[in-house]
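What's in run_5.cif: mmCIF, C-alpha atoms and all ligand atoms
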data_data
loop_
_atom_site.label_atom_id
_atom_site.label_comp_id
_atom_site.auth_asym_id
_atom_site.auth_seq_id
_atom_site.Cartn_x
_atom_site.Cartn_y
_atom_site.Cartn_z
CA MET A 218 1.11 -0.61 -19.63
CA SER A 219 1.14 3.03 -18.62
CA TRP A 220 0.66 6.27 -20.48
CA SER A 221 3.55 8.70 -20.81
CA MET A 222 2.98 12.37 -20.29
CA SER A 223 3.16 14.50 -23.35
CA GLU A 224 5.75 17.24 -23.62
CA GLY A 225 4.90 20.50 -21.95
CA GLN A 226 2.49 18.80 -19.54
CA ALA A 227 3.32 19.49 -15.88
CA ARG A 228 4.87 16.50 -14.18
CA LYS A 229 2.51 14.72 -11.85
CA THR A 230 3.77 13.45 -8.50
CA CYS A 231 3.40 9.92 -7.17
CA LEU A 232 4.43 8.82 -3.68
CA ILE A 233 4.88 5.08 -3.17
CA THR A 234 5.68 3.40 0.13
CA GLY A 235 7.98 0.38 0.39
CA ALA A 236 9.57 1.31 -2.93
CA ASN A 237 12.96 -0.23 -2.30
CA ALA A 238 12.02 -3.83 -3.09
CA GLY A 239 9.67 -6.13 -4.95
CA ILE A 240 6.50 -4.78 -6.55
CA GLY A 241 6.93 -1.29 -5.10
CA LYS A 242 10.34 -0.80 -6.70
CA GLU A 243 9.17 -2.13 -10.07
CA ALA A 244 6.12 0.15 -9.95
CA ALA A 245 8.37 3.11 -9.15
CA VAL A 246 10.48 2.32 -12.24
CA GLN A 247 7.40 2.11 -14.48
CA ILE A 248 5.75 5.25 -13.11
CA ALA A 249 9.01 7.24 -13.33
CA ALA A 250 9.41 6.03 -16.94
CA ALA A 251 5.86 7.29 -17.62
CA GLY A 252 7.02 10.81 -16.75
CA TYR A 253 5.86 11.15 -13.14
CA HIS A 254 7.92 12.70 -10.37
CA VAL A 255 8.24 9.71 -8.02
CA VAL A 256 8.82 9.88 -4.28
CA LEU A 257 10.17 6.61 -2.88
CA ALA A 258 9.06 6.35 0.75
CA CYS A 259 11.35 3.77 2.32
CA ARG A 260 12.19 2.60 5.83
CA SER A 261 15.93 2.13 5.49
CA PRO A 262 18.15 4.99 4.21
CA GLU A 263 20.66 2.47 2.77
CA ARG A 264 18.10 0.36 0.92
CA GLY A 265 16.32 3.56 -0.09
CA GLU A 266 19.49 5.11 -1.56
CA ALA A 267 20.21 1.92 -3.52
CA ALA A 268 16.63 1.93 -4.86
CA LEU A 269 16.89 5.64 -5.72
CA ARG A 270 19.91 4.96 -7.95
CA GLU A 271 18.25 1.95 -9.55
CA VAL A 272 14.87 3.61 -10.18
CA ARG A 273 16.56 6.69 -11.69
CA GLU A 274 18.65 4.51 -13.97
CA ARG A 275 16.02 2.00 -15.05
CA GLY A 276 13.24 4.61 -15.21
CA ARG A 277 15.55 6.92 -17.19
CA SER A 278 14.51 9.82 -15.02
CA ASP A 279 16.07 12.22 -12.53
CA ALA A 280 12.66 13.12 -11.18
CA VAL A 281 12.88 10.56 -8.41
CA GLU A 282 13.51 11.37 -4.76
CA LEU A 283 13.78 9.48 -1.51
CA MET A 284 11.96 10.13 1.75
CA ILE A 285 12.29 8.02 4.86
CA VAL A 286 9.35 6.52 6.74
CA ASP A 287 8.61 3.67 9.06
CA MET A 288 4.99 2.90 8.23
CA SER A 289 4.50 1.14 11.58
CA LEU A 290 4.96 4.40 13.53
CA GLN A 291 2.57 7.34 13.61
CA LYS A 292 5.35 9.78 14.52
CA SER A 293 7.40 8.68 11.49
CA ILE A 294 4.37 8.96 9.17
CA ARG A 295 3.67 12.48 10.46
CA ARG A 296 7.32 13.38 9.78
CA LEU A 297 7.06 12.00 6.23
CA ALA A 298 3.88 13.99 5.56
CA ALA A 299 5.49 17.18 6.89
CA THR A 300 8.63 16.60 4.78
CA PHE A 301 6.54 15.98 1.67
CA LEU A 302 4.29 19.01 2.22
CA ALA A 303 7.29 21.28 2.82
CA THR A 304 8.34 20.78 -0.80
CA HIS A 305 5.19 19.66 -2.66
CA ARG A 306 1.85 21.44 -2.76
CA THR A 307 0.07 18.75 -4.72
CA LEU A 308 0.05 14.97 -4.69
CA ASP A 309 -1.44 13.18 -7.69
CA VAL A 310 -0.98 9.52 -6.75
CA LEU A 311 -0.46 7.87 -3.36
CA ILE A 312 0.33 4.13 -3.41
CA HIS A 313 0.19 2.20 -0.13
CA ASN A 314 2.46 -0.66 -1.10
CA ALA A 315 4.60 -1.22 2.03
CA ALA A 316 3.48 -4.09 4.23
CA ALA A 317 4.73 -6.31 7.03
CA PHE A 318 4.33 -9.97 6.07
CA ASP A 319 7.36 -11.95 7.17
CA TYR A 320 6.21 -15.56 7.40
CA GLY A 321 9.34 -16.25 9.45
CA GLN A 322 7.88 -14.13 12.27
CA LYS A 323 7.00 -16.51 15.09
CA ARG A 324 5.74 -14.20 17.80
CA ARG A 325 3.39 -11.25 18.02
CA THR A 326 5.31 -7.99 18.31
CA THR A 327 4.26 -4.45 19.12
CA THR A 328 5.75 -1.20 17.89
CA GLU A 329 7.41 1.27 20.25
CA GLU A 330 4.03 3.07 20.16
CA GLY A 331 2.46 -0.06 21.62
CA VAL A 332 0.41 -1.34 18.66
CA GLU A 333 0.60 -4.83 17.14
CA THR A 334 3.10 -4.36 14.30
CA ILE A 335 1.15 -5.81 11.36
CA TRP A 336 -2.07 -3.92 12.24
CA ALA A 337 -0.03 -0.72 12.66
CA THR A 338 1.96 -1.09 9.42
CA ASN A 339 -0.57 -2.52 6.99
CA HIS A 340 -3.75 -0.76 8.05
CA LEU A 341 -3.32 2.15 10.46
CA GLY A 342 -0.22 3.52 8.68
CA PRO A 343 -1.86 3.89 5.25
CA VAL A 344 -5.00 5.44 6.80
CA LEU A 345 -2.98 8.05 8.70
CA LEU A 346 -0.77 8.88 5.71
CA THR A 347 -3.79 9.35 3.43
CA THR A 348 -5.47 11.56 6.02
CA LEU A 349 -2.41 13.77 6.35
CA LEU A 350 -1.95 14.08 2.57
CA LEU A 351 -5.61 14.40 1.62
CA ASP A 352 -5.53 18.16 1.09
CA ALA A 353 -2.55 17.74 -1.27
CA LEU A 354 -4.44 15.02 -3.15
CA LYS A 355 -7.47 17.31 -3.43
CA ARG A 356 -5.26 20.00 -4.99
CA SER A 357 -4.54 17.60 -7.86
CA GLU A 358 -6.86 17.90 -10.83
CA GLU A 359 -7.36 14.16 -10.31
CA GLY A 360 -5.89 12.64 -7.13
CA ARG A 361 -5.59 8.87 -6.92
CA VAL A 362 -5.17 6.75 -3.79
CA ILE A 363 -4.19 3.11 -4.38
CA THR A 364 -4.29 0.55 -1.59
CA VAL A 365 -2.91 -2.98 -1.76
CA SER A 366 -4.69 -6.17 -0.81
CA SER A 367 -4.05 -9.86 -1.33
CA LYS A 368 -5.65 -12.57 -3.42
CA GLY A 369 -5.02 -14.88 -0.45
CA LEU A 370 -8.12 -13.34 1.14
CA LEU A 371 -10.16 -15.62 -1.12
CA LEU A 372 -9.15 -18.45 1.21
CA PHE A 373 -11.05 -16.74 4.04
CA PRO A 374 -14.44 -15.80 2.54
CA ARG A 375 -16.07 -15.17 5.95
CA LEU A 376 -13.22 -13.19 7.45
CA GLY A 377 -14.00 -9.96 9.29
CA VAL A 378 -11.97 -7.61 11.44
CA ASP A 379 -12.28 -8.55 15.11
CA LEU A 380 -13.58 -5.25 16.43
CA ASP A 381 -13.01 -6.27 20.06
CA ASP A 382 -9.49 -7.59 19.58
CA PRO A 383 -7.87 -6.36 16.35
CA GLU A 384 -4.41 -6.69 17.89
CA PHE A 385 -4.74 -10.34 18.97
CA GLU A 386 -4.29 -9.59 22.66
CA ARG A 387 -6.85 -12.19 23.75
CA ARG A 388 -6.81 -14.66 20.84
CA LYS A 389 -4.15 -16.68 19.10
CA TRP A 390 -1.83 -14.62 16.91
CA THR A 391 -0.26 -15.99 13.76
CA VAL A 392 1.45 -13.92 11.10
CA SER A 393 -1.06 -15.05 8.52
CA ARG A 394 -4.13 -14.22 10.66
CA ALA A 395 -2.77 -10.77 11.49
CA TYR A 396 -1.75 -10.16 7.88
CA TYR A 397 -5.09 -11.11 6.30
CA GLN A 398 -7.09 -9.16 8.87
CA SER A 399 -5.00 -6.06 8.07
CA LYS A 400 -5.45 -6.53 4.31
CA LEU A 401 -9.21 -6.98 4.72
CA ALA A 402 -9.28 -3.74 6.71
CA GLN A 403 -7.50 -2.00 3.81
CA VAL A 404 -10.18 -3.13 1.35
CA ILE A 405 -12.87 -1.89 3.72
CA TYR A 406 -11.04 1.42 4.06
CA THR A 407 -10.79 1.72 0.26
CA TYR A 408 -14.54 1.42 -0.24
CA TRP A 409 -15.33 3.64 2.74
CA LEU A 410 -12.96 6.43 1.65
CA ALA A 411 -14.19 6.25 -1.94
CA GLY A 412 -17.71 6.85 -0.58
CA GLN A 413 -16.55 9.74 1.59
CA LEU A 414 -14.80 11.36 -1.37
CA GLU A 415 -17.67 11.02 -3.80
CA GLY A 416 -18.13 14.31 -5.59
CA THR A 417 -14.44 15.22 -5.31
CA ALA A 418 -11.73 14.63 -7.92
CA VAL A 419 -9.98 12.12 -5.65
CA SER A 420 -10.46 8.41 -6.44
CA VAL A 421 -9.60 5.46 -4.23
CA ASN A 422 -9.01 1.96 -5.63
CA CYS A 423 -7.40 -1.23 -4.46
CA VAL A 424 -5.01 -3.70 -6.12
CA ARG A 425 -5.56 -7.38 -5.37
CA VAL A 426 -2.03 -8.74 -5.54
CA THR A 427 -1.74 -12.34 -6.64
CA ASN A 428 1.16 -14.73 -5.93
CA VAL A 429 4.29 -12.74 -6.75
CA ARG A 430 7.83 -14.10 -6.55
CA ILE A 431 9.59 -12.65 -3.53
CA ASP A 432 13.29 -12.41 -2.79
CA VAL A 433 13.57 -14.90 0.10
CA ARG A 434 16.95 -13.42 1.05
CA ARG A 435 14.91 -10.54 2.48
CA TYR A 436 13.43 -12.92 5.06
CA PRO A 437 16.30 -14.55 6.97
CA GLU A 438 13.99 -15.93 9.69
CA LEU A 439 12.16 -18.24 7.28
CA SER A 440 12.47 -21.91 8.21
CA ARG A 441 13.97 -24.35 5.69
CA LEU A 442 10.50 -25.78 5.18
CA ALA A 443 9.07 -22.34 4.47
CA ARG A 444 11.92 -21.66 2.02
CA LEU A 445 11.12 -24.90 0.22
CA ALA A 446 7.42 -23.97 0.14
CA TYR A 447 8.31 -20.56 -1.29
CA SER A 448 10.53 -22.05 -4.00
CA ILE A 449 7.71 -24.41 -5.05
CA LYS A 450 5.20 -21.54 -4.88
CA SER A 451 7.46 -19.39 -7.03
CA LEU A 452 6.89 -21.83 -9.91
CA PHE A 453 3.29 -20.62 -9.95
CA SER A 454 4.00 -16.96 -9.21
CA ILE A 455 4.25 -13.97 -11.49
CA SER A 456 7.13 -11.48 -11.42
CA ALA A 457 7.06 -8.29 -9.36
CA SER A 458 7.39 -6.33 -12.58
CA ARG A 459 4.31 -8.00 -14.09
CA MET A 460 2.25 -7.22 -10.95
CA ALA A 461 3.58 -3.66 -10.94
CA ASN A 462 1.89 -3.14 -14.32
CA THR A 463 -1.42 -2.95 -12.46
CA TYR A 464 -0.07 -0.36 -10.00
CA ALA A 465 1.15 1.74 -12.97
CA TYR A 466 -2.16 1.22 -14.77
CA LEU A 467 -4.19 2.46 -11.80
CA ALA A 468 -1.77 5.34 -11.23
CA THR A 469 -1.55 6.66 -14.77
CA VAL A 470 -4.22 5.69 -17.32
CA PRO A 471 -6.61 8.51 -18.21
CA GLU A 472 -9.44 6.00 -18.76
CA LEU A 473 -9.71 5.48 -15.03
CA ARG A 474 -10.60 9.07 -14.36
CA GLY A 475 -13.68 9.02 -12.14
CA VAL A 476 -13.41 5.30 -11.38
CA SER A 477 -13.38 4.87 -7.61
CA GLY A 478 -14.17 2.27 -4.96
CA GLN A 479 -13.06 -0.72 -7.04
CA CYS A 480 -10.60 -3.56 -6.60
CA PHE A 481 -8.42 -4.66 -9.56
CA ASP A 482 -6.56 -7.90 -10.23
CA GLU A 483 -3.25 -8.45 -12.05
CA ASN A 484 -5.09 -8.34 -15.38
CA ASN A 485 -6.51 -4.89 -14.55
CA ARG A 486 -9.97 -6.38 -14.19
CA GLU A 487 -12.41 -5.28 -11.50
CA VAL A 488 -12.99 -8.08 -8.97
CA ARG A 489 -15.37 -8.69 -6.06
CA THR A 490 -13.88 -8.90 -2.58
CA ASN A 491 -14.83 -10.66 0.67
CA ARG A 492 -18.45 -10.54 1.78
CA ARG A 493 -17.76 -8.47 4.92
CA THR A 494 -16.18 -5.67 2.86
CA TYR A 495 -19.70 -4.88 1.57
CA ASP A 496 -21.38 -5.23 4.98
CA LEU A 497 -22.11 -1.60 5.86
CA GLU A 498 -22.43 -2.25 9.58
CA HIS A 499 -19.04 -3.97 9.61
CA VAL A 500 -17.51 -1.18 7.54
CA ARG A 501 -18.82 1.38 10.05
CA GLY A 502 -17.42 -0.66 12.92
CA VAL A 503 -13.98 -0.95 11.32
CA MET A 504 -13.83 2.75 10.54
CA ASP A 505 -14.99 3.77 14.05
CA LEU A 506 -12.27 1.52 15.43
CA THR A 507 -9.70 2.98 13.03
CA THR A 508 -10.67 6.54 13.98
CA ARG A 509 -10.05 5.74 17.64
CA TYR A 510 -6.50 4.61 16.82
CA ILE A 511 -5.59 7.44 14.49
CA GLY A 512 -6.92 10.22 16.68
CA GLU A 513 -7.51 12.29 13.54
CA ASP A 514 -10.93 13.34 12.37
CA LEU A 515 -11.41 10.88 9.54
CA GLN A 516 -14.65 12.49 8.44
CA VAL A 517 -13.69 13.71 5.02
CA SER A 518 -15.20 16.90 3.66
CA ALA A 519 -16.10 16.82 0.01
CA THR A 520 -14.37 20.13 -0.70
N1 LIG B 1 4.48 -11.10 -2.91
C1 LIG B 1 3.25 -11.60 -2.87
O1 LIG B 1 3.00 -12.76 -3.27
C2 LIG B 1 2.11 -10.77 -2.35
C3 LIG B 1 0.83 -11.36 -2.29
C4 LIG B 1 -0.25 -10.59 -1.84
C5 LIG B 1 -0.05 -9.26 -1.48
N2 LIG B 1 1.20 -8.73 -1.54
C6 LIG B 1 1.35 -7.30 -1.16
O2 LIG B 1 2.09 -6.61 -2.14
C7 LIG B 1 2.83 -5.54 -1.51
C8 LIG B 1 4.28 -5.59 -1.92
O3 LIG B 1 4.80 -6.87 -1.60
P1 LIG B 1 6.19 -7.40 -2.18
O4 LIG B 1 5.99 -8.80 -2.59
O5 LIG B 1 6.76 -6.44 -3.16
O6 LIG B 1 7.05 -7.39 -0.82
P2 LIG B 1 8.58 -7.07 -0.51
O7 LIG B 1 9.43 -7.35 -1.68
O8 LIG B 1 8.89 -7.74 0.78
O9 LIG B 1 8.54 -5.48 -0.27
C9 LIG B 1 7.87 -4.96 0.85
C10 LIG B 1 8.28 -3.50 0.96
O10 LIG B 1 7.60 -2.94 2.09
C11 LIG B 1 8.57 -2.27 2.91
N3 LIG B 1 8.18 -2.21 4.31
C12 LIG B 1 7.85 -3.21 5.14
N4 LIG B 1 7.60 -2.74 6.36
C13 LIG B 1 7.76 -1.38 6.30
C14 LIG B 1 7.65 -0.31 7.22
N5 LIG B 1 7.32 -0.53 8.51
N6 LIG B 1 7.87 0.95 6.80
C15 LIG B 1 8.21 1.20 5.53
N7 LIG B 1 8.35 0.24 4.59
C16 LIG B 1 8.13 -1.04 4.99
C17 LIG B 1 9.83 -3.09 2.73
O11 LIG B 1 10.95 -2.33 3.15
P3 LIG B 1 12.24 -3.01 3.89
O12 LIG B 1 13.23 -3.31 2.80
O13 LIG B 1 12.68 -1.95 4.82
O14 LIG B 1 11.76 -4.25 4.57
C18 LIG B 1 9.77 -3.32 1.22
O15 LIG B 1 10.23 -2.19 0.54
C19 LIG B 1 2.57 -5.68 -0.02
O16 LIG B 1 1.52 -4.80 0.37
C20 LIG B 1 2.11 -7.12 0.14
O17 LIG B 1 1.29 -7.30 1.26
C21 LIG B 1 2.28 -9.43 -1.96
#
Spit out the file's structure as structure tokens when you get a sec.
Amino acid sequence: MSWSMSEGQARKTCLITGANAGIGKEAAVQIAAAGYHVVLACRSPERGEAALREVRERGRSDAVELMIVDMSLQKSIRRLAATFLATHRTLDVLIHNAAAFDYGQKRRTTTEEGVETIWATNHLGPVLLTTLLLDALKRSEEGRVITVSSKGLLLFPRLGVDLDDPEFERRKWTVSRAYYQSKLAQVIYTYWLAGQLEGTAVSVNCVRVTNVRIDVRRYPELSRLARLAYSIKSLFSISASRMANTYAYLATVPELRGVSGQCFDENNREVRTNRRTYDLEHVRGVMDLTTRYIGEDLQVSAT
């Protein structure tokens, strides 16, 4: 459930990445319907245009626009931030929904900037985009950053980020290992950034996404066995629209004003996360590592 804006109230702006499919698209519909100006940040112009039409129609709003970004590439993220800032002074909600998690992927790949693709897309990309848009978020009377994690992390209670080899150059890569490491790093980033922004009007929270039905047609490389596993799993999954309720809740409800540094499940309840996400030495290590990749000064001033 989300709260609509009352008449006469200035429209708030929400930017959501990976908004052309799944949970991101459903969240865009709900947040547009709640009266927000929604920026769909999508990788493919064609899929983005199709989503733009659909979100406008289903959200019954013309206040929806499309911007193009490949979240695996720093240069593309910098272009997105520049495009956004050229036309928007303020950003009220930033949702880091896009992620690489194609279980059909058999081999480790690197981006054209030379970084392992899942690490680049799911962790470094959101950190860089937040950094570049932080001043716009601070101009909001109440900026909200929402990161996205996975309930699957519960299967790996001792997991940490490998600070010596985050890109799996010297250890065995699998899509699931790379994916969960990147999602753990996002939780760590959420708590760290919330701490850095204490005393400002910007909050940072995380969504722990549970099993959500995916459109397997989007993943042509999946083996027949994996397809079968997905169709069985889908019997126990919730819909993308149901999960998107939590995104819309975190983005819009006034009650959450001032709530920061928390992780929420699909029932909008605060949940604990993996042990290492509370280990301050590990958090420092992950953020030092992240700073070296981003090349931006991640030290956030409270003003
Ligand atoms: N589904 C689940 O069971 C589940 C479970 C735990 C966590 N999650 C998390 O929930 C979020 C949404 O998942 P979903 O199920 O809605 O997935 P989905 O339907 O596959 O959508 C993923 C979205 O991310 C976009 N994306 C991927 N790589 C990108 C890139 N490099 N640049 C820009 N956009 C990119 C995709 O765009 P393209 O169309 O261009 O590929 C798509 O719009 C993700 O963060 C995922 O990790 C999902």
With 8 Å as the cut-off and only C-alpha atoms and all ligand atoms counted, what is the closest atom pair between each nearby residue of chain A and ligand LIG 1 (chain B)? Distances in Å to one decimal, ordered by chain and number, as JSON lines.
{"residue": "A:Thr234", "atom": "CA", "partner": "B:LIG1", "partner_atom": "N7", "distance": 6.1}
{"residue": "A:Gly235", "atom": "CA", "partner": "B:LIG1", "partner_atom": "O15", "distance": 3.4}
{"residue": "A:Ala236", "atom": "CA", "partner": "B:LIG1", "partner_atom": "O15", "distance": 5.0}
{"residue": "A:Asn237", "atom": "CA", "partner": "B:LIG1", "partner_atom": "O15", "distance": 4.4}
{"residue": "A:Ala238", "atom": "CA", "partner": "B:LIG1", "partner_atom": "O15", "distance": 4.4}
{"residue": "A:Gly239", "atom": "CA", "partner": "B:LIG1", "partner_atom": "O5", "distance": 3.4}
{"residue": "A:Ile240", "atom": "CA", "partner": "B:LIG1", "partner_atom": "O5", "distance": 3.8}
{"residue": "A:Gly241", "atom": "CA", "partner": "B:LIG1", "partner_atom": "O5", "distance": 5.5}
{"residue": "A:Lys242", "atom": "CA", "partner": "B:LIG1", "partner_atom": "O15", "distance": 7.4}
{"residue": "A:Ala258", "atom": "CA", "partner": "B:LIG1", "partner_atom": "C15", "distance": 7.1}
{"residue": "A:Cys259", "atom": "CA", "partner": "B:LIG1", "partner_atom": "N7", "distance": 5.2}
{"residue": "A:Arg260", "atom": "CA", "partner": "B:LIG1", "partner_atom": "C15", "distance": 4.2}
{"residue": "A:Ser261", "atom": "CA", "partner": "B:LIG1", "partner_atom": "O13", "distance": 5.3}
{"residue": "A:Arg264", "atom": "CA", "partner": "B:LIG1", "partner_atom": "O12", "distance": 6.4}
{"residue": "A:Ile285", "atom": "CA", "partner": "B:LIG1", "partner_atom": "C15", "distance": 8.0}
{"residue": "A:Val286", "atom": "CA", "partner": "B:LIG1", "partner_atom": "C15", "distance": 5.6}
{"residue": "A:Asp287", "atom": "CA", "partner": "B:LIG1", "partner_atom": "N6", "distance": 3.6}
{"residue": "A:Met288", "atom": "CA", "partner": "B:LIG1", "partner_atom": "N6", "distance": 3.8}
{"residue": "A:Ser289", "atom": "CA", "partner": "B:LIG1", "partner_atom": "N5", "distance": 4.5}
{"residue": "A:Leu290", "atom": "CA", "partner": "B:LIG1", "partner_atom": "N5", "distance": 7.4}
{"residue": "A:His313", "atom": "CA", "partner": "B:LIG1", "partner_atom": "O16", "distance": 7.1}
{"residue": "A:Asn314", "atom": "CA", "partner": "B:LIG1", "partner_atom": "O16", "distance": 4.5}
{"residue": "A:Ala315", "atom": "CA", "partner": "B:LIG1", "partner_atom": "O10", "distance": 3.5}
{"residue": "A:Ala316", "atom": "CA", "partner": "B:LIG1", "partner_atom": "O16", "distance": 4.4}
{"residue": "A:Ala317", "atom": "CA", "partner": "B:LIG1", "partner_atom": "N4", "distance": 4.6}
{"residue": "A:Phe318", "atom": "CA", "partner": "B:LIG1", "partner_atom": "O17", "distance": 6.3}
{"residue": "A:Asp319", "atom": "CA", "partner": "B:LIG1", "partner_atom": "O8", "distance": 7.8}
{"residue": "A:Thr338", "atom": "CA", "partner": "B:LIG1", "partner_atom": "N5", "distance": 5.5}
{"residue": "A:Asn339", "atom": "CA", "partner": "B:LIG1", "partner_atom": "O16", "distance": 7.3}
{"residue": "A:Val365", "atom": "CA", "partner": "B:LIG1", "partner_atom": "O16", "distance": 5.2}
{"residue": "A:Ser366", "atom": "CA", "partner": "B:LIG1", "partner_atom": "C5", "distance": 5.6}
{"residue": "A:Ser367", "atom": "CA", "partner": "B:LIG1", "partner_atom": "C4", "distance": 3.9}
{"residue": "A:Lys368", "atom": "CA", "partner": "B:LIG1", "partner_atom": "C4", "distance": 6.0}
{"residue": "A:Gly369", "atom": "CA", "partner": "B:LIG1", "partner_atom": "C4", "distance": 6.6}
{"residue": "A:Tyr396", "atom": "CA", "partner": "B:LIG1", "partner_atom": "O17", "distance": 7.8}
{"residue": "A:Lys400", "atom": "CA", "partner": "B:LIG1", "partner_atom": "O17", "distance": 7.4}
{"residue": "A:Arg425", "atom": "CA", "partner": "B:LIG1", "partner_atom": "C5", "distance": 7.0}
{"residue": "A:Val426", "atom": "CA", "partner": "B:LIG1", "partner_atom": "C4", "distance": 4.5}
{"residue": "A:Thr427", "atom": "CA", "partner": "B:LIG1", "partner_atom": "C3", "distance": 5.1}
{"residue": "A:Asn428", "atom": "CA", "partner": "B:LIG1", "partner_atom": "O1", "distance": 3.8}
{"residue": "A:Val429", "atom": "CA", "partner": "B:LIG1", "partner_atom": "O1", "distance": 3.7}
{"residue": "A:Arg430", "atom": "CA", "partner": "B:LIG1", "partner_atom": "N1", "distance": 5.8}
{"residue": "A:Ile431", "atom": "CA", "partner": "B:LIG1", "partner_atom": "O4", "distance": 5.4}
{"residue": "A:Asp432", "atom": "CA", "partner": "B:LIG1", "partner_atom": "O7", "distance": 6.5}
{"residue": "A:Arg435", "atom": "CA", "partner": "B:LIG1", "partner_atom": "O8", "distance": 6.9}
{"residue": "A:Ser454", "atom": "CA", "partner": "B:LIG1", "partner_atom": "O1", "distance": 7.3}
{"residue": "A:Ala457", "atom": "CA", "partner": "B:LIG1", "partner_atom": "O5", "distance": 6.5}
For the residues in the current selection, export C-alpha atoms as a PDB file, in the frame of the given file.
ATOM      1  CA  THR A 234       5.680   3.400   0.130  1.00  0.00           C
ATOM      2  CA  GLY A 235       7.980   0.380   0.390  1.00  0.00           C
ATOM      3  CA  ALA A 236       9.570   1.310  -2.930  1.00  0.00           C
ATOM      4  CA  ASN A 237      12.960  -0.230  -2.300  1.00  0.00           C
ATOM      5  CA  ALA A 238      12.020  -3.830  -3.090  1.00  0.00           C
ATOM      6  CA  GLY A 239       9.670  -6.130  -4.950  1.00  0.00           C
ATOM      7  CA  ILE A 240       6.500  -4.780  -6.550  1.00  0.00           C
ATOM      8  CA  GLY A 241       6.930  -1.290  -5.100  1.00  0.00           C
ATOM      9  CA  LYS A 242      10.340  -0.800  -6.700  1.00  0.00           C
ATOM     10  CA  ALA A 258       9.060   6.350   0.750  1.00  0.00           C
ATOM     11  CA  CYS A 259      11.350   3.770   2.320  1.00  0.00           C
ATOM     12  CA  ARG A 260      12.190   2.600   5.830  1.00  0.00           C
ATOM     13  CA  SER A 261      15.930   2.130   5.490  1.00  0.00           C
ATOM     14  CA  ARG A 264      18.100   0.360   0.920  1.00  0.00           C
ATOM     15  CA  ILE A 285      12.290   8.020   4.860  1.00  0.00           C
ATOM     16  CA  VAL A 286       9.350   6.520   6.740  1.00  0.00           C
ATOM     17  CA  ASP A 287       8.610   3.670   9.060  1.00  0.00           C
ATOM     18  CA  MET A 288       4.990   2.900   8.230  1.00  0.00           C
ATOM     19  CA  SER A 289       4.500   1.140  11.580  1.00  0.00           C
ATOM     20  CA  LEU A 290       4.960   4.400  13.530  1.00  0.00           C
ATOM     21  CA  HIS A 313       0.190   2.200  -0.130  1.00  0.00           C
ATOM     22  CA  ASN A 314       2.460  -0.660  -1.100  1.00  0.00           C
ATOM     23  CA  ALA A 315       4.600  -1.220   2.030  1.00  0.00           C
ATOM     24  CA  ALA A 316       3.480  -4.090   4.230  1.00  0.00           C
ATOM     25  CA  ALA A 317       4.730  -6.310   7.030  1.00  0.00           C
ATOM     26  CA  PHE A 318       4.330  -9.970   6.070  1.00  0.00           C
ATOM     27  CA  ASP A 319       7.360 -11.950   7.170  1.00  0.00           C
ATOM     28  CA  THR A 338       1.960  -1.090   9.420  1.00  0.00           C
ATOM     29  CA  ASN A 339      -0.570  -2.520   6.990  1.00  0.00           C
ATOM     30  CA  VAL A 365      -2.910  -2.980  -1.760  1.00  0.00           C
ATOM     31  CA  SER A 366      -4.690  -6.170  -0.810  1.00  0.00           C
ATOM     32  CA  SER A 367      -4.050  -9.860  -1.330  1.00  0.00           C
ATOM     33  CA  LYS A 368      -5.650 -12.570  -3.420  1.00  0.00           C
ATOM     34  CA  GLY A 369      -5.020 -14.880  -0.450  1.00  0.00           C
ATOM     35  CA  TYR A 396      -1.750 -10.160   7.880  1.00  0.00           C
ATOM     36  CA  LYS A 400      -5.450  -6.530   4.310  1.00  0.00           C
ATOM     37  CA  ARG A 425      -5.560  -7.380  -5.370  1.00  0.00           C
ATOM     38  CA  VAL A 426      -2.030  -8.740  -5.540  1.00  0.00           C
ATOM     39  CA  THR A 427      -1.740 -12.340  -6.640  1.00  0.00           C
ATOM     40  CA  ASN A 428       1.160 -14.730  -5.930  1.00  0.00           C
ATOM     41  CA  VAL A 429       4.290 -12.740  -6.750  1.00  0.00           C
ATOM     42  CA  ARG A 430       7.830 -14.100  -6.550  1.00  0.00           C
ATOM     43  CA  ILE A 431       9.590 -12.650  -3.530  1.00  0.00           C
ATOM     44  CA  ASP A 432      13.290 -12.410  -2.790  1.00  0.00           C
ATOM     45  CA  ARG A 435      14.910 -10.540   2.480  1.00  0.00           C
ATOM     46  CA  SER A 454       4.000 -16.960  -9.210  1.00  0.00           C
ATOM     47  CA  ALA A 457       7.060  -8.290  -9.360  1.00  0.00           C
TER      48      ALA A 457
END
(Q) With only C-alpha atoms as the counted atoms, please give the residues lying no more than 7 Å from A:Val362, apart from itself and same-chain residues fewer than 2 positions off, as a list in words. (A) Val310, Leu311, Ile312, Gly360, Thr364, Ser420, Val421 and Asn422 of chain A
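Rounded to one decimal, atom CA of A:Leu372 and atom CA of A:Leu345 lie 28.2 Å from each other.
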Q. Counting all atoms listed in the file, what is within 12 Å of A:Arg325, bar same-chain residues fewer than 5 positions away, as a ChimeraX atom specification?
A. /A:319-320,331-336,384-396
Q) What separation in Å, quoted to one decimal, exists between atom CA of A:Ser451 and atom CA of A:Leu376? A)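 Here the two named atoms are 26.0 Å from each other.
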(Q) Counting only C-alpha atoms, which residue out of A:Val424, A:Glu359, A:Arg434, A:Gly252 sits closest to A:Glu472? (A)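 Going through A:Val424, A:Glu359, A:Arg434, A:Gly252 one by one, the smallest distance to A:Glu472 is for A:Glu359.
Note that atom CA of A:Leu506 and atom CA of A:His340 are 11.5 Å apart.
All residues of protein, DNA or RNA that reach within 10 Å of A:Asp352, judged by only C-alpha atoms and not counting those fewer than 5 positions away in the chain, are Leu302, Arg306, Thr307, Leu308, Thr347, Ser357, Gly360 and Thr520 of chain A.
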